[in-house]
Amino acid sequence: MKKLIMILVFMGVMVNLSMADDPKQEAMDSLSTAQSMIKQGNINKAVEEINYALSKLNEVSATKMLTFIPEAPEGFTLESKNSQGMGQGASMVGNAGAEGHYIGQDDSRVKLSIATGGVTGKLGSLASFGSMFAGMSQDGGVKSVRIQGFTGTLQYDTNSKSGNLTIQVGEKTSVQVEGDNVASDKILKSFAEKMDLSKLSTSF
């Protein structure tokens with residue numbers, strides 16, 4: 001009997017630990033606490049709980065974003081990928097983001113970033129606005145491109161072999177591909193072409 005009780009206690013502890021590590025559950029718990037604090041008139045504590053819940057939901061979004069980081073195109077290797085959800089600064093820098101880091105031949109490097117919310121998530125819109133002045137560029141290195149039906153802004157410098165591709169795939173979601181020591185702007189486009197941009201646009 002004692003052994004059975006010990007097993008049940010152990011299982012209960014493990015369930016509680018697993019729930020504590022679940023950001024969705026933590027968000028729901030914080031929102032529940034916030035509701036109680038509002039009823040008690042403790043508004044400052046309620047705001048604190050709501051902000052914490054928001055940060056945990058952003059963690060969920062960031063983790064989901066990792067699934068959209070593509071495998072490396074031919075000639076490159078995916079070195080690492082990571083994600084991060086933002087807290088109270090989300091309204092400015094963005095709610096969540098994910099990055100993939102790639103390395104190719106001759107030490108060429110590419111970083112692919114996905115962001116949603118805030119200024120970062122609207123980076124594609126800002127870049128598209130800037131592309132209106134592409135004709136004023138001295139080297140003509142800025143141009144508009146279409147990838148999977150989405151409009152992006154592509155900038156590439158042949159001298160430094162570096163460039164940047166930015167695509168707005170939703171009202172608040174953008175993709176950015178940055179390359180150093182890459183042979184051409186086609187390489188930057190090849191990374192975006194490996195993504196499911198349509199699904200990304202409806203997921204956040």
# chains A, B, ... in the order shown; residues from 1 in each chain; ligands from 1

call {"tool": "residues_around", "arguments": {"residues": "Ser113 of chain A", "least_positions_apart": "4", "cutoff": "12 Å", "atoms": "only C-alpha atoms", "output": "PyMOL selection string"}}
result
chain A and resi 62+65-66+68-70+81-84+96-102+120-121+123-124+164-168+173-179+191-192+195

call {"tool": "write_last_selection", "arguments": {"atoms": "C-alpha atoms", "output": "PDB file, in the first residue's frame"}}
result
ATOM      1  CA  ALA A  62       8.614  31.548 -31.323  1.00  0.00           C
ATOM      2  CA  MET A  65       8.361  29.621 -35.937  1.00  0.00           C
ATOM      3  CA  LEU A  66      11.269  27.200 -35.777  1.00  0.00           C
ATOM      4  CA  PHE A  68       9.478  27.406 -40.780  1.00  0.00           C
ATOM      5  CA  ILE A  69      13.270  27.657 -40.739  1.00  0.00           C
ATOM      6  CA  PRO A  70      14.134  25.795 -43.973  1.00  0.00           C
ATOM      7  CA  LYS A  81      18.555  27.591 -35.369  1.00  0.00           C
ATOM      8  CA  ASN A  82      16.947  29.245 -32.376  1.00  0.00           C
ATOM      9  CA  SER A  83      13.844  31.134 -31.341  1.00  0.00           C
ATOM     10  CA  GLN A  84      12.898  33.755 -28.786  1.00  0.00           C
ATOM     11  CA  ALA A  96       8.548  36.539 -31.389  1.00  0.00           C
ATOM     12  CA  GLY A  97      11.296  35.549 -33.747  1.00  0.00           C
ATOM     13  CA  ALA A  98      13.333  32.638 -35.046  1.00  0.00           C
ATOM     14  CA  GLU A  99      16.694  32.467 -36.807  1.00  0.00           C
ATOM     15  CA  GLY A 100      18.592  29.976 -38.898  1.00  0.00           C
ATOM     16  CA  HIS A 101      22.353  30.261 -39.442  1.00  0.00           C
ATOM     17  CA  TYR A 102      23.956  28.672 -42.497  1.00  0.00           C
ATOM     18  CA  THR A 120      10.636  44.022 -36.647  1.00  0.00           C
ATOM     19  CA  GLY A 121       7.602  42.137 -37.923  1.00  0.00           C
ATOM     20  CA  LEU A 123      10.334  45.248 -41.597  1.00  0.00           C
ATOM     21  CA  GLY A 124       9.242  43.919 -44.975  1.00  0.00           C
ATOM     22  CA  ASN A 164      19.818  41.410 -47.897  1.00  0.00           C
ATOM     23  CA  LEU A 165      16.401  40.101 -48.905  1.00  0.00           C
ATOM     24  CA  THR A 166      13.311  41.187 -46.976  1.00  0.00           C
ATOM     25  CA  ILE A 167       9.794  39.863 -47.581  1.00  0.00           C
ATOM     26  CA  GLN A 168       6.530  40.805 -45.885  1.00  0.00           C
ATOM     27  CA  THR A 173       5.236  38.954 -40.165  1.00  0.00           C
ATOM     28  CA  SER A 174       8.428  39.366 -42.156  1.00  0.00           C
ATOM     29  CA  VAL A 175      11.296  37.232 -43.412  1.00  0.00           C
ATOM     30  CA  GLN A 176      14.815  38.527 -43.774  1.00  0.00           C
ATOM     31  CA  VAL A 177      17.730  36.755 -45.455  1.00  0.00           C
ATOM     32  CA  GLU A 178      21.173  38.282 -44.919  1.00  0.00           C
ATOM     33  CA  GLY A 179      24.234  36.994 -46.749  1.00  0.00           C
ATOM     34  CA  PHE A 191      16.700  30.370 -49.115  1.00  0.00           C
ATOM     35  CA  ALA A 192      13.304  32.080 -49.255  1.00  0.00           C
ATOM     36  CA  MET A 195      10.216  28.137 -47.222  1.00  0.00           C
TER      37      MET A 195
END

call {"tool": "atom_distance", "arguments": {"atom1": "atom CA of Gln148 of chain A", "atom2": "atom CA of Ser80 of chain A"}}
result
25.1 Å

call {"tool": "select_by_dssp", "arguments": {"residues": "segment 12-113 of chain A", "states": "strand (DSSP E)", "output": "ChimeraX atom specification"}}
result
/A:76-85,96-104,109-113

call {"tool": "write_last_selection", "arguments": {"atoms": "C-alpha atoms", "output": "PDB file, in the first residue's frame"}}
result
ATOM      1  CA  PHE A  76      25.048  25.241 -47.691  1.00  0.00           C
ATOM      2  CA  THR A  77      24.715  23.584 -44.289  1.00  0.00           C
ATOM      3  CA  LEU A  78      22.350  24.586 -41.501  1.00  0.00           C
ATOM      4  CA  GLU A  79      24.626  25.340 -38.536  1.00  0.00           C
ATOM      5  CA  SER A  80      22.032  26.253 -35.930  1.00  0.00           C
ATOM      6  CA  LYS A  81      18.555  27.591 -35.369  1.00  0.00           C
ATOM      7  CA  ASN A  82      16.947  29.245 -32.376  1.00  0.00           C
ATOM      8  CA  SER A  83      13.844  31.134 -31.341  1.00  0.00           C
ATOM      9  CA  GLN A  84      12.898  33.755 -28.786  1.00  0.00           C
ATOM     10  CA  GLY A  85       9.654  35.165 -27.456  1.00  0.00           C
ATOM     11  CA  ALA A  96       8.548  36.539 -31.389  1.00  0.00           C
ATOM     12  CA  GLY A  97      11.296  35.549 -33.747  1.00  0.00           C
ATOM     13  CA  ALA A  98      13.333  32.638 -35.046  1.00  0.00           C
ATOM     14  CA  GLU A  99      16.694  32.467 -36.807  1.00  0.00           C
ATOM     15  CA  GLY A 100      18.592  29.976 -38.898  1.00  0.00           C
ATOM     16  CA  HIS A 101      22.353  30.261 -39.442  1.00  0.00           C
ATOM     17  CA  TYR A 102      23.956  28.672 -42.497  1.00  0.00           C
ATOM     18  CA  ILE A 103      27.486  28.229 -43.781  1.00  0.00           C
ATOM     19  CA  GLY A 104      28.625  27.497 -47.318  1.00  0.00           C
ATOM     20  CA  ARG A 109      27.356  32.789 -44.443  1.00  0.00           C
ATOM     21  CA  VAL A 110      23.621  33.370 -44.434  1.00  0.00           C
ATOM     22  CA  LYS A 111      21.253  34.273 -41.616  1.00  0.00           C
ATOM     23  CA  LEU A 112      17.522  33.778 -42.144  1.00  0.00           C
ATOM     24  CA  SER A 113      15.227  35.536 -39.674  1.00  0.00           C
TER      25      SER A 113
END

call {"tool": "closest_residue", "arguments": {"among": "A:Glu26, A:Ala72, A:Lys194, A:Met37", "to": "Ser55 of chain A", "atoms": "only C-alpha atoms"}}
result
A:Glu26

call {"tool": "residues_around", "arguments": {"residues": "Asp185 of chain A", "least_positions_apart": "4", "cutoff": "10 Å", "atoms": "only C-alpha atoms", "output": "list in words"}}
result
Gly141, Leu154, Gln155, Tyr156, Asp157, Thr158, Lys161, Ser162, Gly163, Asn164, Leu165, Gly179, Lys189 and Ser190 of chain A

call {"tool": "closest_residue", "arguments": {"among": "A:Arg146, A:Asn58, A:Glu74, A:Thr33", "to": "Gly117 of chain A", "atoms": "only C-alpha atoms"}}
result
A:Asn58

call {"tool": "atom_distance", "arguments": {"atom1": "atom CA of Lys24 of chain A", "atom2": "atom CA of Asn95 of chain A"}}
result
15.4 Å

call {"tool": "closest_residue", "arguments": {"among": "A:Leu200, A:Val60, A:Ile50, A:Pro23", "to": "Ser36 of chain A", "atoms": "only C-alpha atoms"}}
result
A:Ile50

call {"tool": "closest_residue", "arguments": {"among": "A:Gln40, A:Thr116, A:Asn181, A:Gln35", "to": "Ser61 of chain A", "atoms": "only C-alpha atoms"}}
result
A:Thr116

call {"tool": "atom_distance", "arguments": {"atom1": "atom CA of Lys199 of chain A", "atom2": "atom CA of Gly170 of chain A"}}
result
10.2 Å
